[in-house]
>>> print(open('work_22.cif').read())   # mmCIF, C-alpha atoms (C1' of nucleotides)
data_target
#
loop_
_atom_site.label_atom_id
_atom_site.label_comp_id
_atom_site.auth_asym_id
_atom_site.auth_seq_id
_atom_site.Cartn_x
_atom_site.Cartn_y
_atom_site.Cartn_z
CA MET A 11 78.78 -16.87 -137.84
CA ALA A 12 75.67 -18.79 -136.83
CA GLY A 13 78.24 -21.35 -135.81
CA ILE A 14 78.97 -21.36 -132.17
CA ASP A 15 82.32 -22.96 -131.46
CA ARG A 16 82.00 -26.60 -132.42
CA ARG A 17 83.75 -27.62 -129.23
CA ILE A 18 80.93 -26.13 -127.23
CA GLN A 19 78.26 -27.78 -129.31
CA LYS A 20 79.97 -31.11 -128.96
CA THR A 21 80.35 -30.76 -125.23
CA LYS A 22 76.76 -29.79 -124.71
CA ARG A 23 75.49 -32.56 -126.88
CA LEU A 24 77.63 -35.12 -125.10
CA LEU A 25 76.42 -33.93 -121.72
CA SER A 26 72.77 -34.01 -122.68
CA GLU A 27 73.07 -37.43 -124.26
CA SER A 28 74.79 -38.76 -121.19
CA LEU A 29 72.14 -37.31 -118.96
CA ILE A 30 69.21 -38.84 -120.79
CA ALA A 31 70.98 -42.19 -120.95
CA LEU A 32 71.61 -42.04 -117.22
CA ILE A 33 68.05 -41.04 -116.46
CA LEU A 34 66.82 -44.06 -118.35
CA GLU A 35 69.23 -46.25 -116.42
CA LYS A 36 68.93 -45.07 -112.85
CA GLY A 37 66.27 -42.40 -112.70
CA TYR A 38 66.75 -38.66 -112.66
CA GLU A 39 67.07 -38.20 -108.92
CA ALA A 40 69.87 -40.74 -108.66
CA VAL A 41 71.97 -39.17 -111.40
CA THR A 42 74.88 -37.01 -110.24
CA VAL A 43 77.07 -34.52 -112.03
CA GLN A 44 79.86 -36.98 -111.41
CA HIS A 45 78.07 -39.69 -113.37
CA ILE A 46 77.32 -37.33 -116.21
CA ILE A 47 80.85 -36.10 -116.75
CA ASP A 48 82.26 -39.59 -116.32
CA ARG A 49 80.04 -40.97 -119.04
CA ALA A 50 80.45 -37.96 -121.30
CA ASP A 51 84.18 -38.04 -120.64
CA VAL A 52 84.19 -34.34 -120.05
CA GLY A 53 86.19 -32.44 -117.49
CA ARG A 54 84.52 -31.39 -114.28
CA SER A 55 85.40 -27.76 -114.82
CA THR A 56 84.05 -27.90 -118.33
CA PHE A 57 80.68 -28.95 -117.04
CA TYR A 58 80.56 -26.06 -114.63
CA THR A 59 81.54 -23.51 -117.25
CA HIS A 60 78.34 -24.38 -119.10
CA TYR A 61 75.86 -25.28 -116.37
CA GLU A 62 75.42 -24.58 -112.72
CA ASN A 63 74.00 -27.98 -111.94
CA LYS A 64 72.26 -30.98 -113.40
CA GLU A 65 68.90 -29.21 -113.31
CA GLN A 66 70.05 -26.62 -115.79
CA LEU A 67 71.47 -29.27 -118.03
CA LEU A 68 68.18 -31.12 -117.95
CA LEU A 69 66.21 -28.06 -118.95
CA ALA A 70 68.66 -27.27 -121.73
CA GLY A 71 68.49 -30.85 -122.97
CA PRO A 72 65.94 -30.60 -125.76
CA LYS A 73 67.60 -27.51 -127.18
CA ASN A 74 71.01 -29.15 -127.12
CA LEU A 75 69.64 -32.05 -129.08
CA GLY A 76 67.79 -29.83 -131.50
CA ILE A 77 64.37 -31.08 -130.45
CA PRO A 78 61.75 -28.47 -129.64
CA LEU A 79 59.71 -28.79 -126.49
CA PHE A 80 56.45 -28.51 -128.34
CA PRO A 81 55.64 -29.29 -131.95
CA ALA A 82 56.31 -26.45 -134.35
CA ASP A 83 53.81 -23.69 -133.87
CA GLY A 84 52.84 -23.86 -137.51
CA ASP A 85 51.47 -27.35 -138.04
CA GLY A 86 48.54 -27.37 -135.70
CA ALA A 87 49.89 -25.84 -132.54
CA GLY A 88 50.61 -27.83 -129.43
CA SER A 89 47.53 -27.19 -127.39
CA ARG A 90 47.84 -23.44 -127.82
CA HIS A 91 46.91 -20.74 -130.26
CA ARG A 92 43.86 -22.50 -131.61
CA LYS A 93 41.16 -20.31 -132.93
CA THR A 94 38.39 -22.86 -133.28
CA LYS A 95 36.34 -23.65 -130.24
CA ALA A 96 35.29 -27.02 -131.53
CA PRO A 97 34.92 -29.78 -128.95
CA ALA A 98 38.03 -31.31 -130.45
CA PHE A 99 40.76 -29.75 -128.53
CA GLY A 100 44.18 -30.29 -129.89
CA PHE A 101 46.45 -32.45 -127.81
CA LEU A 102 47.18 -34.61 -130.80
CA PRO A 103 50.26 -32.67 -131.90
CA LEU A 104 51.65 -33.02 -128.41
CA PHE A 105 51.25 -36.79 -128.37
CA ARG A 106 52.54 -37.10 -131.92
CA HIS A 107 55.56 -35.04 -131.07
CA ALA A 108 56.28 -37.24 -128.08
CA ALA A 109 55.90 -40.35 -130.20
CA GLU A 110 58.33 -39.00 -132.76
CA ASN A 111 60.96 -38.45 -130.10
CA ARG A 112 60.50 -41.54 -128.00
CA PRO A 113 63.89 -41.80 -126.32
CA LEU A 114 63.96 -38.20 -125.22
CA ALA A 115 60.30 -38.21 -124.27
CA LYS A 116 60.71 -41.34 -122.22
CA ALA A 117 63.62 -39.84 -120.31
CA MET A 118 61.97 -36.49 -119.73
CA LEU A 119 58.42 -37.65 -119.12
CA GLY A 120 58.63 -41.31 -118.13
CA LYS A 121 58.49 -42.76 -114.65
CA LYS A 122 62.25 -42.29 -114.25
CA SER A 123 62.08 -38.60 -114.95
CA GLY A 124 62.20 -35.89 -112.37
CA GLU A 125 59.62 -33.39 -111.30
CA LEU A 126 61.53 -30.40 -112.59
CA PHE A 127 60.94 -30.87 -116.28
CA LEU A 128 57.49 -32.32 -115.78
CA GLY A 129 56.52 -29.31 -113.72
CA ARG A 130 57.73 -26.83 -116.29
CA MET A 131 55.95 -28.56 -119.10
CA ARG A 132 52.80 -28.91 -117.11
CA HIS A 133 52.86 -25.23 -116.43
CA GLN A 134 53.03 -24.46 -120.11
CA VAL A 135 50.22 -26.85 -120.88
CA ALA A 136 48.18 -25.22 -118.15
CA GLU A 137 48.70 -21.85 -119.78
CA GLY A 138 47.42 -23.16 -123.06
CA ILE A 139 44.37 -24.66 -121.43
CA SER A 140 43.75 -21.48 -119.51
CA ASP A 141 43.76 -19.48 -122.72
CA GLU A 142 41.33 -21.90 -124.25
CA PHE A 143 38.80 -21.85 -121.45
CA LYS A 144 39.12 -18.43 -119.94
CA GLY A 145 35.93 -17.41 -121.71
CA ARG A 146 33.94 -19.70 -119.43
CA PHE A 147 34.97 -17.98 -116.25
CA SER A 148 34.11 -14.60 -114.90
CA LYS A 149 36.76 -11.93 -114.69
CA SER A 150 36.25 -11.51 -110.98
CA LYS A 151 38.88 -12.41 -108.42
CA THR A 152 37.32 -15.76 -107.67
CA GLY A 153 36.64 -16.38 -111.34
CA LYS A 154 40.33 -16.10 -112.09
CA LEU A 155 41.12 -18.28 -109.13
CA TRP A 156 38.80 -21.01 -110.36
CA LEU A 157 40.24 -20.76 -113.84
CA ALA A 158 43.72 -21.22 -112.39
CA TYR A 159 42.65 -24.21 -110.31
CA PHE A 160 40.95 -25.91 -113.20
CA SER A 161 43.65 -25.20 -115.75
CA ASP A 162 46.23 -26.57 -113.39
CA ALA A 163 44.19 -29.63 -112.63
CA ALA A 164 43.39 -30.31 -116.27
CA ALA A 165 47.02 -29.90 -117.21
CA ALA A 166 47.99 -32.33 -114.47
CA ALA A 167 45.53 -34.81 -115.91
CA VAL A 168 46.89 -34.41 -119.42
CA MET A 169 50.45 -34.79 -118.21
CA ALA A 170 49.52 -37.91 -116.28
CA MET A 171 48.01 -39.28 -119.45
CA LEU A 172 51.10 -38.41 -121.44
CA VAL A 173 53.44 -39.88 -118.85
CA ALA A 174 51.51 -43.13 -118.64
CA TRP A 175 51.35 -43.37 -122.39
CA CYS A 176 55.06 -42.60 -122.87
CA GLU A 177 56.22 -45.03 -120.30
CA GLU A 178 55.84 -48.39 -121.94
CA ASP A 179 55.15 -48.78 -125.58
CA SER A 180 51.45 -48.49 -125.20
CA PRO A 181 49.26 -50.48 -127.59
CA LEU A 182 47.16 -47.35 -127.95
CA SER A 183 47.86 -44.95 -130.77
CA ALA A 184 48.62 -41.27 -130.29
CA GLU A 185 45.38 -40.49 -132.11
CA GLU A 186 43.25 -42.53 -129.76
CA VAL A 187 44.81 -41.24 -126.58
CA ALA A 188 44.84 -37.64 -127.73
CA ALA A 189 41.19 -37.82 -128.76
CA ARG A 190 40.14 -39.21 -125.39
CA CYS A 191 42.27 -36.66 -123.72
CA ASP A 192 40.62 -33.82 -125.58
CA ALA A 193 37.19 -35.16 -124.73
CA ALA A 194 38.02 -35.74 -121.10
CA VAL A 195 39.40 -32.26 -120.62
CA ALA A 196 36.33 -30.78 -122.29
CA GLY A 197 34.19 -32.82 -119.93
CA PHE A 198 36.31 -31.73 -117.03
CA PHE A 199 35.44 -28.11 -117.68
CA THR A 200 31.85 -28.87 -118.52
CA GLY A 201 31.44 -30.54 -115.16
CA ALA A 202 32.90 -27.45 -113.58
CA LYS A 203 30.54 -25.15 -115.41
CA GLY A 204 28.92 -22.17 -113.85
CA ALA A 205 31.90 -20.50 -112.28
CA MET B 1 51.45 -52.26 -72.44
CA ALA B 2 50.13 -50.38 -75.46
CA GLY B 3 52.87 -48.00 -74.51
CA ILE B 4 55.90 -48.26 -76.67
CA ASP B 5 58.94 -46.93 -74.86
CA ARG B 6 58.33 -43.24 -74.30
CA ARG B 7 61.85 -42.42 -75.39
CA ILE B 8 61.07 -43.78 -78.82
CA GLN B 9 57.82 -41.92 -79.10
CA LYS B 10 59.48 -38.69 -78.12
CA THR B 11 62.30 -39.15 -80.58
CA LYS B 12 59.98 -39.96 -83.45
CA ARG B 13 57.74 -37.06 -82.69
CA LEU B 14 60.66 -34.66 -82.48
CA LEU B 15 62.02 -35.89 -85.78
CA SER B 16 58.72 -35.58 -87.59
CA GLU B 17 58.04 -32.16 -86.20
CA SER B 18 61.47 -30.99 -87.23
CA LEU B 19 61.00 -32.37 -90.68
CA ILE B 20 57.72 -30.63 -91.35
CA ALA B 21 59.08 -27.38 -89.97
CA LEU B 22 62.08 -27.66 -92.25
CA ILE B 23 59.96 -28.51 -95.26
CA LEU B 24 57.94 -25.37 -94.69
CA GLU B 25 61.15 -23.36 -94.41
CA LYS B 26 63.30 -24.62 -97.23
CA GLY B 27 61.32 -27.18 -99.20
CA TYR B 28 61.49 -30.91 -98.95
CA GLU B 29 64.26 -31.51 -101.47
CA ALA B 30 66.60 -29.13 -99.70
CA VAL B 31 66.18 -30.72 -96.29
CA THR B 32 68.96 -33.06 -95.18
CA VAL B 33 69.18 -35.60 -92.42
CA GLN B 34 71.76 -33.30 -90.92
CA HIS B 35 69.28 -30.45 -90.66
CA ILE B 36 66.65 -32.69 -89.16
CA ILE B 37 68.79 -34.08 -86.36
CA ASP B 38 70.29 -30.68 -85.65
CA ARG B 39 66.90 -29.13 -85.17
CA ALA B 40 65.46 -32.08 -83.30
CA ASP B 41 68.61 -32.19 -81.20
CA VAL B 42 68.84 -35.91 -81.68
CA GLY B 43 71.95 -37.95 -82.21
CA ARG B 44 72.86 -39.01 -85.69
CA SER B 45 72.94 -42.66 -84.73
CA THR B 46 69.53 -42.35 -83.12
CA PHE B 47 68.03 -41.19 -86.38
CA TYR B 48 69.43 -44.15 -88.22
CA THR B 49 68.22 -46.67 -85.66
CA HIS B 50 64.66 -45.60 -86.52
CA TYR B 51 64.78 -44.65 -90.19
CA GLU B 52 66.93 -45.44 -93.15
CA ASN B 53 66.63 -41.99 -94.66
CA LYS B 54 64.53 -38.87 -94.74
CA GLU B 55 62.06 -40.45 -97.15
CA GLN B 56 61.05 -43.03 -94.58
CA LEU B 57 60.69 -40.39 -91.94
CA LEU B 58 58.46 -38.37 -94.23
CA LEU B 59 56.17 -41.31 -94.91
CA ALA B 60 56.01 -42.15 -91.20
CA GLY B 61 55.24 -38.53 -90.38
CA PRO B 62 51.44 -38.56 -90.12
CA LYS B 63 51.51 -41.70 -88.00
CA ASN B 64 54.11 -40.23 -85.66
CA LEU B 65 51.92 -37.22 -85.14
CA GLY B 66 48.79 -39.28 -84.73
CA ILE B 67 47.10 -37.88 -87.82
CA PRO B 68 45.62 -40.38 -90.28
CA LEU B 69 46.35 -40.03 -93.97
CA PHE B 70 42.71 -40.10 -94.91
CA PRO B 71 39.66 -39.20 -92.86
CA ALA B 72 38.30 -42.02 -90.75
CA ASP B 73 36.74 -44.70 -92.91
CA GLY B 74 33.50 -44.42 -91.01
CA ASP B 75 32.29 -40.88 -91.50
CA GLY B 76 31.82 -40.73 -95.20
CA ALA B 77 34.93 -42.37 -96.58
CA GLY B 78 37.65 -40.43 -98.28
CA SER B 79 36.86 -41.05 -101.90
CA ARG B 80 36.68 -44.81 -101.42
CA HIS B 81 34.19 -47.46 -100.44
CA ARG B 82 31.16 -45.59 -101.61
CA LYS B 83 28.26 -47.68 -102.64
CA THR B 84 26.13 -45.02 -104.31
CA LYS B 85 26.86 -44.18 -107.90
CA ALA B 86 25.36 -40.74 -107.60
CA PRO B 87 27.03 -38.00 -109.61
CA ALA B 88 28.08 -36.50 -106.32
CA PHE B 89 31.35 -38.12 -105.69
CA GLY B 90 32.85 -37.61 -102.31
CA PHE B 91 36.06 -35.64 -102.18
CA LEU B 92 34.64 -33.46 -99.46
CA PRO B 93 36.00 -35.54 -96.56
CA LEU B 94 39.42 -35.33 -98.12
CA PHE B 95 39.37 -31.56 -98.35
CA ARG B 96 37.87 -31.24 -94.89
CA HIS B 97 40.52 -33.46 -93.45
CA ALA B 98 43.23 -31.38 -95.07
CA ALA B 99 41.66 -28.21 -93.72
CA GLU B 100 41.56 -29.62 -90.23
CA ASN B 101 45.27 -30.36 -90.33
CA ARG B 102 46.56 -27.31 -92.11
CA PRO B 103 50.17 -27.26 -90.98
CA LEU B 104 50.79 -30.88 -91.77
CA ALA B 105 48.80 -30.71 -95.00
CA LYS B 106 50.70 -27.67 -96.14
CA ALA B 107 54.02 -29.37 -95.53
CA MET B 108 53.05 -32.64 -97.15
CA LEU B 109 50.97 -31.30 -100.03
CA GLY B 110 52.01 -27.69 -100.53
CA LYS B 111 54.38 -26.32 -103.12
CA LYS B 112 57.35 -27.00 -100.84
CA SER B 113 56.53 -30.66 -100.49
CA GLY B 114 58.25 -33.45 -102.33
CA GLU B 115 56.99 -35.84 -104.94
CA LEU B 116 57.30 -38.88 -102.73
CA PHE B 117 54.37 -38.28 -100.46
CA LEU B 118 52.31 -36.66 -103.18
CA GLY B 119 52.85 -39.66 -105.40
CA ARG B 120 51.80 -42.14 -102.74
CA MET B 121 48.68 -40.24 -101.93
CA ARG B 122 47.80 -39.77 -105.56
CA HIS B 123 48.11 -43.47 -106.09
CA GLN B 124 45.64 -44.16 -103.32
CA VAL B 125 43.24 -41.59 -104.68
CA ALA B 126 43.56 -43.17 -108.10
CA GLU B 127 42.61 -46.53 -106.63
CA GLY B 128 39.49 -45.07 -105.12
CA ILE B 129 38.52 -43.45 -108.39
CA SER B 130 39.23 -46.63 -110.28
CA ASP B 131 36.89 -48.56 -108.00
CA GLU B 132 34.22 -45.96 -108.52
CA PHE B 133 34.33 -45.94 -112.31
CA LYS B 134 35.42 -49.44 -113.25
CA GLY B 135 31.85 -50.21 -114.21
CA ARG B 136 32.13 -47.87 -117.17
CA PHE B 137 34.97 -49.72 -118.80
CA SER B 138 35.10 -53.10 -120.44
CA LYS B 139 37.01 -55.90 -118.80
CA SER B 140 39.19 -56.37 -121.84
CA LYS B 141 42.89 -55.67 -121.85
CA THR B 142 42.47 -52.26 -123.39
CA GLY B 143 39.48 -51.53 -121.19
CA LYS B 144 41.60 -51.97 -118.13
CA LEU B 145 44.34 -49.90 -119.65
CA TRP B 146 41.97 -47.03 -120.31
CA LEU B 147 40.59 -47.29 -116.81
CA ALA B 148 44.11 -47.04 -115.44
CA TYR B 149 44.95 -44.05 -117.63
CA PHE B 150 41.81 -42.20 -116.67
CA SER B 151 41.95 -42.99 -112.98
CA ASP B 152 45.53 -41.82 -112.85
CA ALA B 153 44.76 -38.67 -114.76
CA ALA B 154 41.70 -37.86 -112.67
CA ALA B 155 43.65 -38.46 -109.48
CA ALA B 156 46.36 -36.14 -110.73
CA ALA B 157 43.74 -33.49 -111.34
CA VAL B 158 42.27 -33.89 -107.86
CA MET B 159 45.69 -33.75 -106.27
CA ALA B 160 46.54 -30.62 -108.24
CA MET B 161 43.33 -29.09 -106.97
CA LEU B 162 44.14 -30.09 -103.41
CA VAL B 163 47.70 -28.80 -103.64
CA ALA B 164 46.64 -25.46 -105.05
CA TRP B 165 43.96 -25.14 -102.44
CA CYS B 166 46.23 -26.09 -99.55
CA GLU B 167 48.99 -23.79 -100.57
CA GLU B 168 47.76 -20.39 -99.60
CA ASP B 169 44.77 -19.87 -97.44
CA SER B 170 42.33 -19.98 -100.27
CA PRO B 171 39.22 -17.81 -100.01
CA LEU B 172 37.27 -20.81 -101.27
CA SER B 173 35.70 -23.18 -98.79
CA ALA B 174 36.39 -26.89 -98.69
CA GLU B 175 32.76 -27.47 -99.62
CA GLU B 176 32.94 -25.38 -102.76
CA VAL B 177 36.19 -26.81 -104.00
CA ALA B 178 35.23 -30.38 -103.23
CA ALA B 179 31.90 -29.98 -105.01
CA ARG B 180 33.55 -28.60 -108.12
CA CYS B 181 36.10 -31.30 -107.91
CA ASP B 182 33.46 -34.00 -107.79
CA ALA B 183 31.65 -32.51 -110.73
CA ALA B 184 34.78 -32.05 -112.78
CA VAL B 185 35.93 -35.62 -112.24
CA ALA B 186 32.49 -36.88 -113.18
CA GLY B 187 32.67 -34.78 -116.32
CA PHE B 188 36.13 -36.05 -116.98
CA PHE B 189 34.87 -39.61 -117.17
CA THR B 190 31.73 -38.64 -119.04
CA GLY B 191 33.86 -37.02 -121.70
CA ALA B 192 35.83 -40.21 -121.90
CA LYS B 193 32.76 -42.36 -122.27
CA GLY B 194 32.52 -45.27 -124.62
CA ALA B 195 35.66 -47.13 -123.74
"C1'" DT C 6 63.34 -48.91 -55.05
"C1'" DT C 7 66.25 -51.58 -57.47
"C1'" DC C 8 67.94 -53.58 -61.61
"C1'" DG C 9 68.35 -55.36 -66.17
"C1'" DA C 10 67.19 -54.05 -70.72
"C1'" DT C 11 67.46 -50.79 -74.16
"C1'" DA C 12 67.40 -46.12 -76.18
"C1'" DT C 13 70.32 -42.34 -76.71
"C1'" DT C 14 74.65 -40.02 -77.02
"C1'" DG C 15 78.72 -38.18 -79.23
"C1'" DG C 16 82.42 -38.86 -81.65
"C1'" DA C 17 84.90 -40.77 -85.28
"C1'" DC C 18 85.13 -42.95 -89.75
"C1'" DA C 19 85.43 -43.79 -94.90
"C1'" DG C 20 83.09 -42.72 -98.93
"C1'" DA C 21 80.83 -39.86 -102.26
"C1'" DG C 22 79.43 -35.65 -104.32
"C1'" DT C 23 79.74 -30.53 -104.86
"C1'" DG C 24 81.42 -26.34 -106.68
"C1'" DT C 25 85.71 -23.61 -107.38
"C1'" DT C 26 90.35 -22.54 -108.80
"C1'" DC C 27 94.39 -22.48 -111.84
"C1'" DG C 28 98.08 -23.48 -114.97
"C1'" DA C 29 98.84 -26.31 -118.97
"C1'" DT C 30 97.12 -28.11 -123.32
"C1'" DT C 31 94.37 -28.41 -127.30
"C1'" DG C 32 92.03 -27.07 -131.32
"C1'" DA C 33 88.79 -23.83 -133.77
"C1'" DG C 34 88.57 -20.22 -136.87
"C1'" DG C 35 90.12 -15.87 -138.87
"C1'" DC D 12 99.82 -19.92 -139.04
"C1'" DC D 13 98.65 -17.66 -134.86
"C1'" DT D 14 95.66 -16.13 -131.50
"C1'" DC D 15 92.34 -16.83 -128.29
"C1'" DA D 16 88.86 -19.50 -126.17
"C1'" DA D 17 87.57 -24.09 -124.69
"C1'" DT D 18 89.02 -28.00 -122.38
"C1'" DC D 19 91.67 -30.66 -119.22
"C1'" DG D 20 92.93 -32.49 -114.85
"C1'" DA D 21 94.22 -32.22 -110.55
"C1'" DA D 22 93.69 -30.32 -106.31
"C1'" DC D 23 90.92 -27.88 -102.82
"C1'" DA D 24 87.58 -27.24 -98.83
"C1'" DC D 25 83.18 -28.29 -97.93
"C1'" DT D 26 78.83 -30.91 -96.85
"C1'" DC D 27 76.29 -34.93 -96.38
"C1'" DT D 28 75.79 -39.88 -95.82
"C1'" DG D 29 75.66 -44.17 -93.41
"C1'" DT D 30 77.96 -47.08 -90.04
"C1'" DC D 31 80.28 -48.20 -85.86
"C1'" DC D 32 81.14 -48.37 -80.81
"C1'" DA D 33 81.81 -47.55 -75.97
"C1'" DA D 34 79.75 -44.63 -72.43
"C1'" DT D 35 75.59 -42.83 -70.45
"C1'" DA D 36 70.57 -42.07 -69.60
"C1'" DT D 37 66.22 -43.60 -69.04
"C1'" DC D 38 62.51 -46.83 -69.11
"C1'" DG D 39 59.48 -50.45 -67.30
"C1'" DA D 40 58.90 -54.31 -64.61
"C1'" DA D 41 59.69 -57.00 -60.46
#
>>> encode(input="work_22.cif", output="structure tokens")
Amino acid sequence: MAGIDRRIQKTKRLLSESLIALILEKGYEAVTVQHIIDRADVGRSTFYTHYENKEQLLLAGPKNLGIPLFPADGDGAGSRHRKTKAPAFGFLPLFRHAAENRPLAKAMLGKKSGELFLGRMRHQVAEGISDEFKGRFSKSKTGKLWLAYFSDAAAAAVMAMLVAWCEEDSPLSAEEVAARCDAAVAGFFTGAKGA
Amino acid sequence: MAGIDRRIQKTKRLLSESLIALILEKGYEAVTVQHIIDRADVGRSTFYTHYENKEQLLLAGPKNLGIPLFPADGDGAGSRHRKTKAPAFGFLPLFRHAAENRPLAKAMLGKKSGELFLGRMRHQVAEGISDEFKGRFSKSKTGKLWLAYFSDAAAAAVMAMLVAWCEEDSPLSAEEVAARCDAAVAGFFTGAKGA
DNA sequence: TTCGATATTGGACAGAGTGTTCGATTGAGG
DNA sequence: CCTCAATCGAACACTCTGTCCAATATCGAA
């Protein structure tokens, strides 16, 4: 049952592996469907029975490889669903998770990656941040607007941090970077106080 | 003298205008050289005598239209060359400048824009921020690394703010947003203190 | 105004990629 | 072992790219 046809699994895995390899080589934008199927040695029609384009394949990538987008919701929560409002903030799981999946993370988040995945992820991070800080903003129209602006901006900052850190094997540990990141985001909202 | 051949000026202006119109219509990624020359009613070969591709045209855009990337360096400086280290920070000229050139700003910075221009601009903003805060970081290897991380992240936050604000006609004034932006970036670095 | 320089035209070109179709083949799973 | 779905692979029309060239127009300077 739980078993989808092994042929499908194999095809999808091959395609995703090829894609991340190609991203690392030539950058996401430069990769074509042609390149992907050539490297995966998969028929053109086969590709199109599973995906409409390379964007969809990219987004399906982590799932195909059995790697979740965010760390498991149980072990500390990736920047969301935290009940404590301690100054410590909780990006550590995110950085740890990236560190544990270097190759994938580098392809999806590194300088050779595309905006599509980055944008999606950023949006999710922004949601988490918004949840965390919504208490500091009024429920008025402009209050919500400010919250959206700041969540977006803070998420962009975190993603920039993550991208820079993923890129080369940074001498800084996940713990260090995540801690600074937490503090900086807290400061970001503190500076914005009074909305 | 100062006059470059008027034919060239006209062609370049037509091309840039067509490009920004098309970006607004279908988004930067979806625009092709074909679309641009069709709308500008310019020969294919003419396009390629001036630009290698649409990316180059995009980057040349502001110059072709006689609109500087940043506000004039004299009247307050767009987030760079500030001597004071007051908490007030100076993104106001940037936001004002964007407001004064809405159509162009919307095309280049809005949600339909591409990463190319955004990335360039962000890099310049990051440089300005780096100059402003380099005093707070040690001159060691890791000090410089942290400075780079934080400048990049802060610039990303500012750009996100700018993009969100440019997108729709925000009910918030340039003054308000810029002030919050200044404060938030200051807080961002304060939170990161001790590097 | 005239004239040489040069920008533009328009068409054609090969090359690459896209997305779709279809019959033939393969192999997974009951 | 047999059925059915997945894959192949080859072809298709289409769009876009980047380059070339001879013919035409327009500019700027004398």
>>> resolve_selection(input="work_22.cif", expression="the PyMOL selection byres ((chain C) within 7 of (chain B))", output="number ranges by chain")
C: 12-14
>>> write_last_selection(input="work_22.cif", atoms="C-alpha atoms (C1' of nucleotides)", output="short mmCIF file (atom, residue, chain, number, x, y, z; two decimals), in the frame of the given file")
data_model
loop_
_atom_site.label_atom_id
_atom_site.label_comp_id
_atom_site.auth_asym_id
_atom_site.auth_seq_id
_atom_site.Cartn_x
_atom_site.Cartn_y
_atom_site.Cartn_z
"C1'" DA C 12 67.40 -46.12 -76.18
"C1'" DT C 13 70.32 -42.34 -76.71
"C1'" DT C 14 74.65 -40.02 -77.02
#
>>> resolve_selection(input="work_22.cif", expression="the PyMOL selection byres ((chain A and resi 160) around 10)", output="PDB file with C-alpha atoms, in the coordinates of the input")
ATOM      1  CA  ALA A 136      48.180 -25.220-118.150  1.00  0.00           C
ATOM      2  CA  ILE A 139      44.370 -24.660-121.430  1.00  0.00           C
ATOM      3  CA  SER A 140      43.750 -21.480-119.510  1.00  0.00           C
ATOM      4  CA  PHE A 143      38.800 -21.850-121.450  1.00  0.00           C
ATOM      5  CA  LYS A 154      40.330 -16.100-112.090  1.00  0.00           C
ATOM      6  CA  LEU A 155      41.120 -18.280-109.130  1.00  0.00           C
ATOM      7  CA  TRP A 156      38.800 -21.010-110.360  1.00  0.00           C
ATOM      8  CA  LEU A 157      40.240 -20.760-113.840  1.00  0.00           C
ATOM      9  CA  ALA A 158      43.720 -21.220-112.390  1.00  0.00           C
ATOM     10  CA  TYR A 159      42.650 -24.210-110.310  1.00  0.00           C
ATOM     11  CA  SER A 161      43.650 -25.200-115.750  1.00  0.00           C
ATOM     12  CA  ASP A 162      46.230 -26.570-113.390  1.00  0.00           C
ATOM     13  CA  ALA A 163      44.190 -29.630-112.630  1.00  0.00           C
ATOM     14  CA  ALA A 164      43.390 -30.310-116.270  1.00  0.00           C
ATOM     15  CA  ALA A 165      47.020 -29.900-117.210  1.00  0.00           C
ATOM     16  CA  ALA A 166      47.990 -32.330-114.470  1.00  0.00           C
ATOM     17  CA  VAL A 195      39.400 -32.260-120.620  1.00  0.00           C
ATOM     18  CA  PHE A 198      36.310 -31.730-117.030  1.00  0.00           C
ATOM     19  CA  PHE A 199      35.440 -28.110-117.680  1.00  0.00           C
ATOM     20  CA  ALA A 202      32.900 -27.450-113.580  1.00  0.00           C
TER      21      ALA A 202
ATOM     22  CA  ALA B 157      43.740 -33.490-111.340  1.00  0.00           C
ATOM     23  CA  VAL B 158      42.270 -33.890-107.860  1.00  0.00           C
ATOM     24  CA  ALA B 160      46.540 -30.620-108.240  1.00  0.00           C
ATOM     25  CA  MET B 161      43.330 -29.090-106.970  1.00  0.00           C
ATOM     26  CA  ALA B 164      46.640 -25.460-105.050  1.00  0.00           C
ATOM     27  CA  ARG B 180      33.550 -28.600-108.120  1.00  0.00           C
ATOM     28  CA  CYS B 181      36.100 -31.300-107.910  1.00  0.00           C
ATOM     29  CA  ALA B 184      34.780 -32.050-112.780  1.00  0.00           C
TER      30      ALA B 184
END
>>> resolve_selection(input="work_22.cif", expression="the PyMOL selection byres ((chain C and resi 19) around 12)", output="VMD selection string")
(chain C and resid 17 to 18 20 to 21) or (chain D and resid 28 to 31)
>>> atom_distance(input="work_22.cif", atom1="atom C1' of D:DA34", atom2="atom CA of B:Asn53")
25.9 Å
>>> residues_near_point(input="work_22.cif", point="(88.3, -27.9, -98.2)", cutoff="12 Å", atoms="all atoms listed in the file", output="ChimeraX atom specification")
/C:23-25 /D:22-26
>>> closest_residue(input="work_22.cif", among="B:Phe95, B:Phe47, B:Phe137, B:Phe70", to="chain D", atoms="only C-alpha atoms (C1' of nucleotides)")
B:Phe47
>>> atom_distance(input="work_22.cif", atom1="atom CA of B:Pro93", atom2="atom CA of B:Ile23")
25.0 Å
>>> closest_atom_pairs(input="work_22.cif", of="chain D", to="chain B", cutoff="8 Å", atoms="only C-alpha atoms (C1' of nucleotides)", output="Markdown table")
| residue | atom | partner | partner_atom | distance |
| --- | --- | --- | --- | --- |
| D:DC27 | C1' | B:Gln34 | CA | 7.3 |
| D:DT37 | C1' | B:Arg7 | CA | 7.8 |
| D:DC38 | C1' | B:Asp5 | CA | 6.8 |
>>> atom_distance(input="work_22.cif", atom1="atom CA of A:Ser28", atom2="atom CA of A:Glu65")
13.7 Å
